[in-house]
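*Asks:* Below is the file structure.cif, which contains mmCIF, C-alpha atoms and all ligand atoms.
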```cif
data_upload
#
loop_
_atom_site.group_PDB
_atom_site.id
_atom_site.type_symbol
_atom_site.label_atom_id
_atom_site.label_comp_id
_atom_site.auth_asym_id
_atom_site.auth_seq_id
_atom_site.Cartn_x
_atom_site.Cartn_y
_atom_site.Cartn_z
ATOM 1 C CA MET A 162 40.261 -56.445 51.246
ATOM 2 C CA ILE A 163 39.710 -59.392 48.934
ATOM 3 C CA LEU A 164 36.140 -60.345 48.077
ATOM 4 C CA ASP A 165 35.693 -64.040 47.299
ATOM 5 C CA LEU A 166 32.434 -65.068 45.599
ATOM 6 C CA ASP A 167 31.047 -68.574 45.215
ATOM 7 C CA ILE A 168 27.898 -68.369 43.110
ATOM 8 C CA GLY A 169 25.992 -71.644 43.338
ATOM 9 C CA ASN A 170 22.587 -72.736 42.104
ATOM 10 C CA THR A 171 20.918 -72.130 45.469
ATOM 11 C CA LEU A 172 23.064 -69.658 47.372
ATOM 12 C CA SER A 173 25.654 -67.097 46.422
ATOM 13 C CA LYS A 174 28.240 -67.093 49.156
ATOM 14 C CA TRP A 175 30.753 -64.312 49.778
ATOM 15 C CA ARG A 176 33.527 -63.596 52.208
ATOM 16 C CA LEU A 177 35.813 -60.648 52.788
ATOM 17 C CA LYS A 178 39.428 -61.482 53.472
ATOM 18 C CA ASP A 179 41.976 -59.053 54.846
ATOM 19 C CA ALA A 180 44.839 -59.022 52.349
ATOM 20 C CA ASP A 181 47.389 -58.114 55.031
ATOM 21 C CA SER A 182 46.450 -60.309 57.984
ATOM 22 C CA SER A 183 44.705 -63.077 55.971
ATOM 23 C CA GLU A 184 41.824 -62.915 58.468
ATOM 24 C CA ILE A 185 38.274 -63.455 57.251
ATOM 25 C CA ARG A 186 36.508 -60.220 58.237
ATOM 26 C CA SER A 187 32.948 -61.086 57.289
ATOM 27 C CA ARG A 188 30.908 -63.506 55.266
ATOM 28 C CA GLY A 189 27.399 -63.957 54.019
ATOM 29 C CA ALA A 190 25.084 -65.639 51.560
ATOM 30 C CA VAL A 191 22.326 -64.449 49.288
ATOM 31 C CA TRP A 192 19.430 -66.747 48.451
ATOM 32 C CA THR A 193 19.667 -66.912 44.667
ATOM 33 C CA ARG A 194 17.295 -69.574 43.627
ATOM 34 C CA GLU A 195 15.542 -68.268 40.563
ATOM 35 C CA GLU A 196 17.464 -65.146 39.815
ATOM 36 C CA TRP A 197 20.557 -63.573 41.202
ATOM 37 C CA ARG A 198 20.441 -59.826 41.552
ATOM 38 C CA PRO A 199 24.007 -58.831 40.949
ATOM 39 C CA GLY A 200 25.336 -56.677 43.718
ATOM 40 C CA ALA A 201 22.576 -57.496 46.185
ATOM 41 C CA ASP A 202 23.816 -57.761 49.767
ATOM 42 C CA ILE A 203 27.412 -57.748 48.692
ATOM 43 C CA PRO A 204 29.547 -55.700 51.056
ATOM 44 C CA ASP A 205 30.739 -52.174 50.407
ATOM 45 C CA LEU A 206 33.015 -52.348 47.380
ATOM 46 C CA ASP A 207 34.972 -49.270 48.433
ATOM 47 C CA VAL A 208 37.195 -51.399 50.630
ATOM 48 C CA VAL A 209 37.659 -54.147 48.044
ATOM 49 C CA GLU A 210 40.828 -54.189 45.981
ATOM 50 C CA ALA A 211 40.365 -57.611 44.348
ATOM 51 C CA VAL A 212 37.517 -60.016 43.627
ATOM 52 C CA ARG A 213 37.790 -63.731 42.893
ATOM 53 C CA ILE A 214 34.755 -65.523 41.494
ATOM 54 C CA SER A 215 33.660 -69.122 41.080
ATOM 55 C CA SER A 216 30.250 -69.254 39.399
ATOM 56 C CA VAL A 217 28.019 -72.029 38.097
ATOM 57 C CA ALA A 218 25.154 -69.622 37.448
ATOM 58 C CA ARG A 219 23.981 -68.822 33.917
ATOM 59 C CA ALA A 220 26.628 -67.097 31.796
ATOM 60 C CA ALA A 221 24.521 -63.926 31.595
ATOM 61 C CA VAL A 222 24.457 -63.625 35.395
ATOM 62 C CA LEU A 223 28.219 -63.945 35.591
ATOM 63 C CA GLU A 224 28.756 -61.396 32.805
ATOM 64 C CA GLU A 225 26.482 -58.893 34.503
ATOM 65 C CA THR A 226 28.174 -59.446 37.846
ATOM 66 C CA VAL A 227 31.659 -59.044 36.415
ATOM 67 C CA ALA A 228 30.674 -55.890 34.507
ATOM 68 C CA LEU A 229 29.228 -54.410 37.689
ATOM 69 C CA LEU A 230 32.279 -55.275 39.773
ATOM 70 C CA ARG A 231 34.759 -54.024 37.164
ATOM 71 C CA ARG A 232 33.324 -50.549 37.507
ATOM 72 C CA GLN A 233 34.526 -50.387 41.083
ATOM 73 C CA VAL A 234 37.258 -52.953 41.555
ATOM 74 C CA ARG A 235 40.545 -52.996 39.681
ATOM 75 C CA GLN A 236 41.322 -56.695 39.895
ATOM 76 C CA VAL A 237 38.553 -59.167 39.027
ATOM 77 C CA TYR A 238 39.535 -62.816 38.634
ATOM 78 C CA VAL A 239 37.050 -65.322 37.243
ATOM 79 C CA ALA A 240 37.876 -69.006 37.727
ATOM 80 C CA ARG A 241 37.461 -71.352 34.754
ATOM 81 C CA SER A 242 37.761 -75.104 34.417
ATOM 82 C CA THR A 243 40.954 -75.694 32.479
ATOM 83 C CA PRO A 244 42.646 -78.843 31.105
ATOM 84 C CA GLU A 245 45.352 -78.590 33.771
ATOM 85 C CA ALA A 246 46.136 -76.467 36.836
ATOM 86 C CA LEU A 247 48.329 -76.674 39.947
ATOM 87 C CA GLY A 248 49.475 -80.190 39.109
ATOM 88 C CA VAL A 249 45.968 -81.547 38.489
ATOM 89 C CA VAL A 250 44.893 -82.824 35.068
ATOM 90 C CA ASN A 251 41.173 -82.363 34.453
ATOM 91 C CA GLY A 252 39.501 -85.716 33.752
ATOM 92 C CA TYR A 253 36.642 -84.408 31.623
ATOM 93 C CA GLU A 254 36.629 -85.131 27.876
ATOM 94 C CA GLU A 255 35.773 -81.455 27.504
ATOM 95 C CA PRO A 256 37.561 -79.922 30.500
ATOM 96 C CA GLY A 257 35.726 -76.598 30.234
ATOM 97 C CA ARG A 258 32.424 -78.365 30.925
ATOM 98 C CA LEU A 259 33.389 -79.506 34.405
ATOM 99 C CA GLY A 260 31.545 -77.317 36.927
ATOM 100 C CA VAL A 261 34.053 -74.725 38.073
ATOM 101 C CA ASP A 262 33.031 -75.230 41.729
ATOM 102 C CA ARG A 263 34.030 -78.881 41.339
ATOM 103 C CA TRP A 264 37.315 -77.870 39.739
ATOM 104 C CA MET A 265 38.043 -75.424 42.565
ATOM 105 C CA GLY A 266 37.249 -78.154 45.111
ATOM 106 C CA ALA A 267 39.476 -80.668 43.356
ATOM 107 C CA LEU A 268 42.374 -78.195 43.180
ATOM 108 C CA ALA A 269 41.984 -77.226 46.833
ATOM 109 C CA GLY A 270 41.754 -80.858 47.919
ATOM 110 C CA TYR A 271 44.843 -81.794 45.938
ATOM 111 C CA GLN A 272 46.812 -78.857 47.279
ATOM 112 C CA LEU A 273 45.904 -79.816 50.843
ATOM 113 C CA ALA A 274 46.071 -83.589 50.827
ATOM 114 C CA GLY A 275 47.463 -84.816 47.512
ATOM 115 C CA GLY A 276 45.107 -87.345 45.936
ATOM 116 C CA CYS A 277 41.603 -86.860 47.315
ATOM 117 C CA CYS A 278 37.888 -87.430 47.109
ATOM 118 C CA ALA A 279 36.179 -84.013 47.138
ATOM 119 C CA VAL A 280 32.460 -84.052 47.963
ATOM 120 C CA ASP A 281 30.324 -80.916 47.539
ATOM 121 C CA CYS A 282 26.880 -81.201 49.137
ATOM 122 C CA GLY A 283 24.928 -78.309 47.639
ATOM 123 C CA SER A 284 22.034 -78.152 45.170
ATOM 124 C CA ALA A 285 23.685 -81.182 43.684
ATOM 125 C CA ILE A 286 26.026 -83.533 45.488
ATOM 126 C CA THR A 287 29.192 -83.888 43.448
ATOM 127 C CA ILE A 288 31.882 -86.447 44.196
ATOM 128 C CA ASP A 289 35.208 -85.896 42.445
ATOM 129 C CA PHE A 290 38.361 -87.979 42.547
ATOM 130 C CA VAL A 291 41.978 -86.935 42.132
ATOM 131 C CA LEU A 292 44.738 -89.560 42.270
ATOM 132 C CA PRO A 293 47.999 -88.903 44.136
ATOM 133 C CA GLY A 294 49.828 -88.047 40.870
ATOM 134 C CA GLY A 295 47.269 -85.347 40.070
ATOM 135 C CA VAL A 296 45.046 -87.245 37.643
ATOM 136 C CA HIS A 297 41.456 -86.103 38.091
ATOM 137 C CA LEU A 298 39.253 -89.060 37.199
ATOM 138 C CA GLY A 299 35.984 -87.195 36.814
ATOM 139 C CA GLY A 300 33.179 -87.765 39.242
ATOM 140 C CA PHE A 301 29.547 -88.339 40.095
ATOM 141 C CA ILE A 302 26.587 -85.962 40.289
ATOM 142 C CA VAL A 303 23.596 -86.800 42.487
ATOM 143 C CA PRO A 304 20.668 -84.475 43.293
ATOM 144 C CA GLY A 305 21.224 -82.687 46.599
ATOM 145 C CA LEU A 306 19.043 -83.217 49.675
ATOM 146 C CA ARG A 307 16.836 -80.233 48.969
ATOM 147 C CA LEU A 308 16.375 -81.070 45.290
ATOM 148 C CA MET A 309 15.444 -84.662 46.084
ATOM 149 C CA LYS A 310 12.923 -83.474 48.610
ATOM 150 C CA GLU A 311 11.391 -80.926 46.254
ATOM 151 C CA SER A 312 11.108 -83.407 43.415
ATOM 152 C CA LEU A 313 8.790 -85.576 45.527
ATOM 153 C CA LYS A 314 6.284 -82.711 45.857
ATOM 154 C CA LEU A 315 4.954 -83.984 49.175
ATOM 155 C CA GLY A 316 4.956 -80.614 50.872
ATOM 156 C CA THR A 317 7.968 -81.440 53.024
ATOM 157 C CA ARG A 318 10.533 -79.245 51.277
ATOM 158 C CA ASN A 319 10.766 -76.708 54.062
ATOM 159 C CA VAL A 320 11.270 -79.187 56.878
ATOM 160 C CA ALA A 321 14.999 -79.669 57.001
ATOM 161 C CA ILE A 322 16.795 -82.658 58.403
ATOM 162 C CA ASP A 323 17.869 -81.711 61.903
ATOM 163 C CA PRO A 324 21.643 -81.297 61.634
ATOM 164 C CA GLU A 325 21.929 -82.621 65.203
ATOM 165 C CA SER A 326 20.045 -85.843 64.526
ATOM 166 C CA GLU A 327 22.068 -88.996 64.970
ATOM 167 C CA SER A 328 22.553 -90.908 61.752
ATOM 168 C CA ASP A 329 21.241 -93.991 63.597
ATOM 169 C CA ALA A 330 17.864 -92.285 64.056
ATOM 170 C CA LEU A 331 17.813 -91.476 60.347
ATOM 171 C CA LEU A 332 18.150 -95.215 59.629
ATOM 172 C CA GLU A 333 14.732 -95.910 61.141
ATOM 173 C CA PRO A 334 11.662 -96.200 58.922
ATOM 174 C CA GLY A 335 9.688 -92.951 59.028
ATOM 175 C CA ARG A 336 6.182 -93.086 60.495
ATOM 176 C CA ARG A 337 5.043 -89.765 59.047
ATOM 177 C CA THR A 338 5.620 -88.332 55.583
ATOM 178 C CA VAL A 339 8.232 -85.832 56.626
ATOM 179 C CA ASP A 340 10.319 -88.486 58.399
ATOM 180 C CA ALA A 341 9.892 -91.042 55.609
ATOM 181 C CA VAL A 342 11.095 -88.450 53.118
ATOM 182 C CA ASN A 343 13.927 -87.073 55.234
ATOM 183 C CA HIS A 344 15.239 -90.493 56.213
ATOM 184 C CA GLY A 345 14.867 -91.738 52.627
ATOM 185 C CA ILE A 346 16.761 -88.946 50.925
ATOM 186 C CA TYR A 347 19.389 -88.882 53.632
ATOM 187 C CA MET A 348 20.049 -92.585 53.132
ATOM 188 C CA ALA A 349 20.085 -92.118 49.343
ATOM 189 C CA ALA A 350 22.739 -89.416 49.647
ATOM 190 C CA VAL A 351 25.050 -90.989 52.236
ATOM 191 C CA SER A 352 24.749 -94.520 50.808
ATOM 192 C CA ALA A 353 25.744 -93.168 47.407
ATOM 193 C CA ILE A 354 28.780 -91.370 48.821
ATOM 194 C CA ASN A 355 29.924 -94.358 50.901
ATOM 195 C CA ARG A 356 29.525 -96.792 48.020
ATOM 196 C CA ILE A 357 31.041 -94.559 45.355
ATOM 197 C CA TYR A 358 34.067 -93.877 47.533
ATOM 198 C CA SER A 359 34.673 -97.584 48.146
ATOM 199 C CA GLU A 360 34.150 -98.553 44.510
ATOM 200 C CA VAL A 361 36.552 -95.955 43.139
ATOM 201 C CA CYS A 362 39.249 -96.640 45.755
ATOM 202 C CA ASP A 363 38.909 -100.340 44.958
ATOM 203 C CA GLN A 364 39.118 -99.738 41.188
ATOM 204 C CA GLN A 365 42.146 -97.481 41.521
ATOM 205 C CA GLY A 366 43.891 -99.452 44.259
ATOM 206 C CA VAL A 367 44.322 -96.450 46.546
ATOM 207 C CA ALA A 368 42.685 -95.191 49.752
ATOM 208 C CA LEU A 369 42.069 -91.472 49.299
ATOM 209 C CA PRO A 370 41.552 -88.743 51.913
ATOM 210 C CA VAL A 371 37.990 -87.420 51.879
ATOM 211 C CA MET A 372 36.729 -83.850 52.308
ATOM 212 C CA LEU A 373 33.211 -82.493 52.373
ATOM 213 C CA THR A 374 31.908 -79.032 51.627
ATOM 214 C CA GLY A 375 28.608 -77.297 50.781
ATOM 215 C CA GLY A 376 25.467 -76.269 52.644
ATOM 216 C CA ASP A 377 24.616 -79.840 53.637
ATOM 217 C CA ALA A 378 28.154 -80.956 54.486
ATOM 218 C CA ARG A 379 27.599 -81.038 58.232
ATOM 219 C CA VAL A 380 24.515 -83.231 58.162
ATOM 220 C CA VAL A 381 25.895 -85.507 55.442
ATOM 221 C CA SER A 382 29.119 -85.838 57.436
ATOM 222 C CA ARG A 383 27.272 -87.798 60.139
ATOM 223 C CA GLY A 384 26.468 -90.551 57.674
ATOM 224 C CA VAL A 385 29.830 -90.767 55.914
ATOM 225 C CA GLN A 386 31.507 -93.818 57.376
ATOM 226 C CA VAL A 387 35.093 -93.236 56.358
ATOM 227 C CA PRO A 388 37.389 -90.686 58.025
ATOM 228 C CA HIS A 389 36.906 -87.277 56.431
ATOM 229 C CA ALA A 390 37.213 -83.556 57.015
ATOM 230 C CA VAL A 391 34.444 -80.972 56.679
ATOM 231 C CA TRP A 392 35.827 -77.938 54.862
ATOM 232 C CA PRO A 393 33.237 -75.178 54.417
ATOM 233 C CA ASP A 394 35.736 -72.973 52.514
ATOM 234 C CA MET A 395 36.923 -75.613 50.048
ATOM 235 C CA VAL A 396 35.762 -73.720 46.934
ATOM 236 C CA TYR A 397 37.343 -70.540 48.299
ATOM 237 C CA GLY A 398 40.506 -72.593 48.831
ATOM 238 C CA GLY A 399 40.549 -73.309 45.099
ATOM 239 C CA LEU A 400 40.219 -69.591 44.402
ATOM 240 C CA GLU A 401 43.109 -68.816 46.760
ATOM 241 C CA ALA A 402 45.292 -71.446 45.119
ATOM 242 C CA SER A 403 44.366 -70.346 41.588
ATOM 243 C CA PHE A 404 44.746 -66.616 42.192
ATOM 244 C CA PRO A 405 47.137 -66.211 45.130
ATOM 245 C CA LEU A 406 47.207 -62.578 46.210
ATOM 246 C CA THR A 407 48.568 -62.519 49.748
ATOM 247 C CA PHE A 408 51.911 -63.572 51.131
ATOM 248 C CA ALA A 409 50.324 -66.583 52.861
ATOM 249 C CA GLU A 410 48.461 -67.618 49.718
ATOM 250 C CA ARG A 411 51.627 -67.452 47.633
ATOM 251 C CA ALA A 412 53.160 -69.805 50.195
ATOM 252 C CA GLY A 413 50.315 -72.251 49.505
ATOM 253 C CA LYS A 414 48.171 -71.514 52.572
ATOM 254 C CA MET A 415 44.390 -71.695 52.218
ATOM 255 C CA SER A 416 42.510 -70.100 55.116
ATOM 256 C CA GLY A 417 40.194 -72.399 57.012
ATOM 257 C CA ALA A 418 41.810 -75.525 55.622
ATOM 258 C CA PRO A 419 41.119 -78.406 58.027
ATOM 259 C CA ARG A 420 43.352 -81.193 59.214
ATOM 260 C CA VAL A 421 42.451 -84.108 56.959
ATOM 261 C CA PRO A 422 42.439 -87.485 58.724
ATOM 262 C CA GLU A 423 44.375 -90.418 57.293
ATOM 263 C CA PRO A 424 42.132 -92.642 55.186
ATOM 264 C CA VAL A 425 41.439 -96.186 56.354
ATOM 265 C CA SER A 426 43.503 -98.883 54.654
ATOM 266 C CA LEU A 427 42.580 -100.141 51.202
ATOM 267 C CA GLU A 428 42.193 -103.621 52.737
ATOM 268 C CA LYS A 429 39.494 -102.321 55.053
ATOM 269 C CA ILE A 430 37.705 -100.542 52.225
ATOM 270 C CA ARG A 431 37.777 -103.721 50.145
ATOM 271 C CA ALA A 432 36.600 -105.840 53.068
ATOM 272 C CA GLY A 433 33.656 -103.468 53.535
ATOM 273 C CA LEU A 434 32.738 -103.742 49.864
ATOM 274 C CA ALA A 435 33.031 -107.526 49.876
ATOM 275 C CA PHE A 436 30.855 -107.678 52.987
ATOM 276 C CA SER A 437 28.105 -105.555 51.425
ATOM 277 C CA MET A 438 28.131 -107.785 48.323
ATOM 278 C CA LEU A 439 27.486 -110.873 50.456
ATOM 279 C CA LEU A 440 24.319 -109.484 51.954
HETATM 280 N N1 LIG B 501 20.495 -71.794 55.865
HETATM 281 C C1 LIG B 501 20.397 -72.446 54.705
HETATM 282 N N2 LIG B 501 19.868 -71.812 53.638
HETATM 283 C C2 LIG B 501 19.771 -72.457 52.479
HETATM 284 N N3 LIG B 501 20.171 -73.702 52.259
HETATM 285 C C3 LIG B 501 20.702 -74.372 53.277
HETATM 286 C C4 LIG B 501 20.847 -73.784 54.541
HETATM 287 N N4 LIG B 501 21.434 -74.691 55.344
HETATM 288 C C5 LIG B 501 21.627 -75.794 54.612
HETATM 289 N N5 LIG B 501 21.173 -75.626 53.361
HETATM 290 C C6 LIG B 501 21.241 -76.621 52.315
HETATM 291 O O1 LIG B 501 22.361 -76.237 51.536
HETATM 292 C C7 LIG B 501 22.042 -76.297 50.150
HETATM 293 C C8 LIG B 501 22.759 -75.186 49.463
HETATM 294 O O2 LIG B 501 24.133 -75.433 49.655
HETATM 295 P P1 LIG B 501 25.214 -74.727 48.791
HETATM 296 O O3 LIG B 501 26.460 -75.494 48.964
HETATM 297 O O4 LIG B 501 25.262 -73.278 49.099
HETATM 298 O O5 LIG B 501 24.582 -74.955 47.339
HETATM 299 P P2 LIG B 501 24.911 -74.331 45.949
HETATM 300 O O6 LIG B 501 26.406 -74.220 45.890
HETATM 301 O O7 LIG B 501 24.338 -75.315 45.003
HETATM 302 O O8 LIG B 501 24.232 -72.998 45.877
HETATM 303 C C9 LIG B 501 20.531 -76.166 50.064
HETATM 304 O O9 LIG B 501 20.068 -76.858 48.943
HETATM 305 C C10 LIG B 501 20.070 -76.792 51.370
HETATM 306 O O10 LIG B 501 19.851 -78.176 51.212
HETATM 307 C C1 LIG B 502 26.962 -80.044 39.127
HETATM 308 C C2 LIG B 502 26.683 -78.607 39.499
HETATM 309 C C3 LIG B 502 25.267 -78.249 39.076
HETATM 310 C C4 LIG B 502 26.806 -78.468 41.030
HETATM 311 O O1 LIG B 502 26.502 -77.152 41.374
HETATM 312 P P1 LIG B 502 26.002 -76.722 42.829
HETATM 313 O O2 LIG B 502 25.212 -77.822 43.443
HETATM 314 O O3 LIG B 502 27.258 -76.477 43.647
HETATM 315 O O4 LIG B 502 25.230 -75.457 42.646
HETATM 316 C C5 LIG B 502 27.718 -77.642 38.865
HETATM 317 O O5 LIG B 502 29.000 -78.030 39.224
HETATM 318 C C6 LIG B 502 27.586 -77.587 37.360
HETATM 319 O O6 LIG B 502 26.766 -76.886 36.813
HETATM 320 N N1 LIG B 502 28.421 -78.381 36.647
HETATM 321 C C7 LIG B 502 28.441 -78.462 35.209
HETATM 322 C C8 LIG B 502 28.230 -79.882 34.776
HETATM 323 C C9 LIG B 502 29.343 -80.817 35.197
HETATM 324 O O7 LIG B 502 30.095 -80.545 36.151
HETATM 325 O O8 LIG B 502 29.475 -81.867 34.544
HETATM 326 K K K B 503 27.540 -79.005 44.719
#
```
Re-express the file's structure as structure tokens.
*Replies:*
Amino acid sequence: MILDLDIGNTLSKWRLKDADSSEIRSRGAVWTREEWRPGADIPDLDVVEAVRISSVARAAVLEETVALLRRQVRQVYVARSTPEALGVVNGYEEPGRLGVDRWMGALAGYQLAGGCCAVDCGSAITIDFVLPGGVHLGGFIVPGLRLMKESLKLGTRNVAIDPESESDALLEPGRRTVDAVNHGIYMAAVSAINRIYSEVCDQQGVALPVMLTGGDARVVSRGVQVPHAVWPDMVYGGLEASFPLTFAERAGKMSGAPRVPEPVSLEKIRAGLAFSMLL
């Protein structure tokens, strides 16, 4: 079995992948807000022959985790943001400072669709761009839905936006605090994504395929106007591409990769931007 770990600022996600059949056998998440207890809730390591890790937690947490895993698992691979990988050139002035979850997402997106806009809706919402030739432009970082809500300190942090709610309903002015907050932050997040996507495609003269991942991907998806795919395993896809272990992975296959819809034409994107400027 292969254990894939995606340690984020809010949740540490794991999945167990069968190295022979490529099937995902189990998955889970550990709430890791303030501190991550290495090893907690992680499946039985006896069956694990390799671990792949993407972590944006504090360095000490990662070190502790790796030390603990190394005692029981022979192969431990830790992803790092590098100046170049898999045909993608990191756009950061200091490539190592790009969040490794963003780098994994960008690599996975490029492997799947060529140039892409990779959006990760977690503690933060990150929006990264890779051009068809593999140039990563850098990206945008916006507070995530939960962070925005918490920062208001209005006691609404634990009332989540209903993932089934129509984005039209979320456009209406709220008539109680919880709705005003939920509708407000939702609009802040999706408006930012829609606008940023259009601006960058316009600047670069290319319509890019869009993919969304992260804990809030499903709800954010309802407000993203352009064609896009939701890809819960996008960060894991970057780990598979960076450290291919199975036959399928060596052939470039990432499990759970979605079909990515064709982007709308650049003319349409530009018309949309021009229209919003007139208002
Ligand atoms: N069941 C859930 N538990 C925790 N957070 C959830 C859940 N469902 C959706 N979320 C949202 O997902 C976010 C965490 O997403 P995730 O992509 O795992 O973040 P990170 O990578 O920053 O840890 C939370 O901030 C919250 O807004
Ligand atoms: C921006 C992030 C906090 C997002 O992390 P997440 O919301 O997935 O927990 C993370 O990618 C990070 O710590 N990045 C380093 C700074 C940067 O990417 O510029
Ligand atoms: K994120």
*Asks:* Name every residue that the PyMOL selection byres (((chain A and resi 166-174) around 7) and not hetatm) selects in this structure, writing the answer as a ChimeraX atom specification with chains first and numbers rising.
*Replies:* /A:164-165,175-176,189-194,213-218,284
*Asks:* Under the PyMOL selection byres (((chain A and resi 343) around 10) and not hetatm), which residues of this model are included? Write them out as a list in words.
*Replies:*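 Here the PyMOL selection byres (((chain A and resi 343) around 10) and not hetatm) matches Leu306, Arg307, Met309, Lys310, Thr317, Arg318, Val320, Ala321, Ile322, Asp323, Leu331, Gly335, Thr338, Val339, Asp340, Ala341, Val342, His344, Gly345, Ile346, Tyr347, Met348 and Ala349 of chain A.
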*Asks:* Output the residue selection produced by the PyMOL selection byres (((not hetatm)) within 6 of (chain B and resi 503)) on the file above, formatted as a PDB file with C-alpha atoms, in the coordinates of the input.
*Replies:*
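After the write, expr_1.pdb holds the following:
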```pdb
ATOM      1  CA  ASP A 281      30.324 -80.916  47.539  1.00  0.00           C
ATOM      2  CA  CYS A 282      26.880 -81.201  49.137  1.00  0.00           C
ATOM      3  CA  GLY A 283      24.928 -78.309  47.639  1.00  0.00           C
ATOM      4  CA  SER A 284      22.034 -78.152  45.170  1.00  0.00           C
ATOM      5  CA  ALA A 285      23.685 -81.182  43.684  1.00  0.00           C
ATOM      6  CA  ILE A 286      26.026 -83.533  45.488  1.00  0.00           C
ATOM      7  CA  THR A 287      29.192 -83.888  43.448  1.00  0.00           C
TER       8      THR A 287
END
```
*Asks:* Report as JSON, numbers by chain all protein, DNA and RNA residues lying within 10 Å of A:Glu327, evaluated on all atoms listed in the file, omitting residues in the same chain fewer than 3 positions from it.
*Replies:* {"A": [323, 324, 330, 331, 332, 380, 383, 384]}
*Asks:* Using all atoms listed in the file, what residues lie at most 12 Å away from (27.4, -86.0, 42.3) (file coordinates), given as a PyMOL selection string?
*Replies:* chain A and resi 259-260+263+278-290+299-306+349-351+353-354+357-358
*Asks:* Residues as selected, C-alpha atoms, written as an mmCIF file, in the frame of the given file, can you do that?
*Replies:*
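Output saved as out.cif:
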```
data_model
loop_
_atom_site.group_PDB
_atom_site.id
_atom_site.type_symbol
_atom_site.label_atom_id
_atom_site.label_comp_id
_atom_site.auth_asym_id
_atom_site.auth_seq_id
_atom_site.Cartn_x
_atom_site.Cartn_y
_atom_site.Cartn_z
ATOM 1 C CA LEU A 259 33.389 -79.506 34.405
ATOM 2 C CA GLY A 260 31.545 -77.317 36.927
ATOM 3 C CA ARG A 263 34.030 -78.881 41.339
ATOM 4 C CA CYS A 278 37.888 -87.430 47.109
ATOM 5 C CA ALA A 279 36.179 -84.013 47.138
ATOM 6 C CA VAL A 280 32.460 -84.052 47.963
ATOM 7 C CA ASP A 281 30.324 -80.916 47.539
ATOM 8 C CA CYS A 282 26.880 -81.201 49.137
ATOM 9 C CA GLY A 283 24.928 -78.309 47.639
ATOM 10 C CA SER A 284 22.034 -78.152 45.170
ATOM 11 C CA ALA A 285 23.685 -81.182 43.684
ATOM 12 C CA ILE A 286 26.026 -83.533 45.488
ATOM 13 C CA THR A 287 29.192 -83.888 43.448
ATOM 14 C CA ILE A 288 31.882 -86.447 44.196
ATOM 15 C CA ASP A 289 35.208 -85.896 42.445
ATOM 16 C CA PHE A 290 38.361 -87.979 42.547
ATOM 17 C CA GLY A 299 35.984 -87.195 36.814
ATOM 18 C CA GLY A 300 33.179 -87.765 39.242
ATOM 19 C CA PHE A 301 29.547 -88.339 40.095
ATOM 20 C CA ILE A 302 26.587 -85.962 40.289
ATOM 21 C CA VAL A 303 23.596 -86.800 42.487
ATOM 22 C CA PRO A 304 20.668 -84.475 43.293
ATOM 23 C CA GLY A 305 21.224 -82.687 46.599
ATOM 24 C CA LEU A 306 19.043 -83.217 49.675
ATOM 25 C CA ALA A 349 20.085 -92.118 49.343
ATOM 26 C CA ALA A 350 22.739 -89.416 49.647
ATOM 27 C CA VAL A 351 25.050 -90.989 52.236
ATOM 28 C CA ALA A 353 25.744 -93.168 47.407
ATOM 29 C CA ILE A 354 28.780 -91.370 48.821
ATOM 30 C CA ILE A 357 31.041 -94.559 45.355
ATOM 31 C CA TYR A 358 34.067 -93.877 47.533
#
```
*Asks:* Of the candidates A:Pro370, A:Pro405, A:Gly257, A:Gly266, which one gets nearest to A:Ile163 if we count only C-alpha atoms?
*Replies:*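 That would be A:Pro405, the residue with the smallest distance to A:Ile163.
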*Asks:* Using only C-alpha atoms and all ligand atoms, find the one residue out of A:Leu177, A:Met395, A:Met438, A:Leu247 that sits nearest to ligand LIG 502 (chain B).
*Replies:*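 Counting only C-alpha atoms and all ligand atoms, the residue closest to ligand LIG 502 (chain B) is A:Met395.
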*Asks:* Please determine, counting all atoms listed in the file, which residue among A:Pro424, A:Asp394, A:His297, A:Pro419 has the shortest atom-to-atom distance to A:Tyr253.
*Replies:* A:His297
*Asks:* Any chance you could work out the axis-aligned box around ligand LIG 501 (chain B), listed atoms only, 5 Å on each side, giving centre and edge lengths in Å to one decimal, as lines of an AutoDock Vina configuration file?
*Replies:*
```
center_x = 23.1
center_y = -75.0
center_z = 50.4
size_x = 16.7
size_y = 16.4
size_z = 20.9
```
*Asks:* If I take atom CA of A:Gly399 and atom CA of A:Ala267, how far is one from the other in Å, to one decimal?
*Replies:* 7.6 Å
*Asks:* If we count all atoms listed in the file, what is near stretch 269-274 of chain A at a cut-off of 9 Å, once residues fewer than 4 positions away on the same chain are taken out, given as a short mmCIF file (atom, residue, chain, number, x, y, z; two decimals) with C-alpha atoms, in the frame of the given file?
*Replies:*
```cif
data_model
loop_
_atom_site.label_atom_id
_atom_site.label_comp_id
_atom_site.auth_asym_id
_atom_site.auth_seq_id
_atom_site.Cartn_x
_atom_site.Cartn_y
_atom_site.Cartn_z
CA LEU A 247 48.33 -76.67 39.95
CA GLY A 248 49.48 -80.19 39.11
CA VAL A 249 45.97 -81.55 38.49
CA TRP A 264 37.32 -77.87 39.74
CA MET A 265 38.04 -75.42 42.56
CA CYS A 278 37.89 -87.43 47.11
CA ALA A 279 36.18 -84.01 47.14
CA VAL A 291 41.98 -86.94 42.13
CA LEU A 292 44.74 -89.56 42.27
CA PRO A 293 48.00 -88.90 44.14
CA GLY A 295 47.27 -85.35 40.07
CA LEU A 369 42.07 -91.47 49.30
CA PRO A 370 41.55 -88.74 51.91
CA VAL A 371 37.99 -87.42 51.88
CA MET A 372 36.73 -83.85 52.31
CA MET A 395 36.92 -75.61 50.05
CA VAL A 396 35.76 -73.72 46.93
CA TYR A 397 37.34 -70.54 48.30
CA GLY A 398 40.51 -72.59 48.83
CA GLY A 399 40.55 -73.31 45.10
CA LEU A 400 40.22 -69.59 44.40
CA GLU A 401 43.11 -68.82 46.76
CA ALA A 402 45.29 -71.45 45.12
CA SER A 403 44.37 -70.35 41.59
CA GLY A 413 50.32 -72.25 49.50
CA LYS A 414 48.17 -71.51 52.57
CA MET A 415 44.39 -71.69 52.22
CA ALA A 418 41.81 -75.53 55.62
CA PRO A 419 41.12 -78.41 58.03
CA ARG A 420 43.35 -81.19 59.21
CA VAL A 421 42.45 -84.11 56.96
#
```
